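S.K.: The structure's right below; bear with me while I get my questions together.
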Amino acid sequence: MPEPFEMTVGEAARAIRRGELTPVGLVESLLARVDAREESLLAWVYLDRETLLSEAEGKTAEARSGNPLGPLHGVPIGLKDIYYTAGIPTTACSKVYADFVPEFDGTSVRLLKEAGAIIMGKTMTTEFACMDPSPTFNPWDAACTPGGSSSGSAVSVAARMCPAALGSQTVGSVLRPASYNGVVGFKPSFGRISRHGVVPVSWTLDTVGWMCRSVEDVALMLQAMAGYDPEDMVSRSEPATNYVGALNANTPPRIGVLRDFFYDNADGETTAHTDEVLRRLAEAGAEVAEVAMPESINTAIEDQQIIMAVEAGAFHQPMHERQAEDYQPRLRGLIERGLSTPSVEYSRAMERRQRFVTDMRRLANRPGVLLTPTTPQPAQPDRTNTGNPMFQGPWTSCGLPTITLPSGRAGSGLPLGIQLAGPYLGEGELLAAAAWCERALGVSLAPPL
């Protein structure tokens, strides 16, 4: 059996149910890992050891009681520091929210707890989940960006300080840092999981997501959190399916390769690597064919930036008026851009985005899944930014579910990933294909100690 800190969510949950591992033993192993890695990585904002161990003791007693256990019983989950947690600071890593302590749990947090999970702590984010880099370091190379905005969540999972952590994606803030750090990252369909109790950036774009180390873990967490919530105005009423059961399908998937736009903007090593991955998947039985991006991609990225700026400006306006100097420069610039954008410009961006949504959902309704590189290149040795989000942003804008899988390493030794997209509200189909690809590739990455 692996060391407890090395276990995935699924492995840990099964070991706890079988009595081979206690939640206390798991938490103690993870805390020892935090002691060994945190000083050099700066992934955590808030971690209360005493409370964490106390909750683990309670979960251990419950596991010994013989009563039925939830699917995530005793498994610690990290939270990006924008998720409301009752009685625990939620600062969004900003001076503006430095004293904010919510009175309730966000819906996704509550559902994780109901499934038996333990909240391990709050992970670093860029300020208000926007553009100014966080202090977190990439565990593969301290000179390189860890990505953002969910930097602490990706790094804590990659460095084995927790088995999974929630992030959020408005442009590319889950899949990019997941790929840069060599872990699995997932963004469900827009509206599949409630955003109630999550500090917003853009109501049109914000999506709950998470990082973990296997497709099974994605399915376990999606099963726990998916569902309608009247507190979120975009929450979907379509019922969730058996996402864990969908992983048992072993039929080779149909894969539509999107080379235009993605290959045009990736470096040579990334395109060559993606082609090699496609070759391996085809040899394993996948049906691979090239498909074309719609012309509406040509305006999608700029329209997304306009929408994000205007809606961030609307949320932050009262705080910006009181304490603009407390915002970091890039976020302050985003807010001010949004506040100065004419309503006609915002309206036209929204109209063009709707055309893009329609085009992309039609494209994704073809049989199978779509595949691209996750990022244009591996993490770069530049900590002044969080990397290029252009390969994740289109999927966030159109609301399709996407997942990144670690697929190998660049010549520099840094992780590379492939990105799969499925039909709207088709998470079961997407995860079945991702699990098949995960088995066919057999890639599991861990940063150096």
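Identifiers in this document derive from the order of the structure tokens: chains are assigned A, B, ..., residues are numbered from 1 separately in each chain, and ligands are numbered from 1 in order of occurrence.
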Extract, using only C-alpha atoms, all DNA, RNA and protein residues at most 9 Å from region 195-206 of chain A, discarding same-chain residues fewer than 4 positions from it, and format them as a PyMOL selection string.

M.R.: chain A and resi 81-85+90+92+102+104-109+128-130+168-171+190-191+229+231-232+234-235+304+307-313+315-316+396-399

S.K.: Between CA of Ala98 (chain A) and CA of Gln328 (chain A), what is the spacing in Å?

M.R.: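 Straight-line distance from CA of Gln328 (chain A) to CA of Ala98 (chain A) works out to 13.7 Å.
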
S.K.: What does the distance between CA of Pro415 (chain A) and CA of Val183 (chain A) come to in Å, to one decimal place?

M.R.: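 Atom-to-atom, CA of Pro415 (chain A) to CA of Val183 (chain A), that is 8.7 Å.
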
S.K.: Enumerate as a PyMOL selection string all residues of region 269-408 of chain A assigned to alpha helix (DSSP H) by DSSP on the backbone, naming them with the chain letters and numbers the document uses.

M.R.: chain A and resi 269-283+297-323+329-340+343-364+393-398
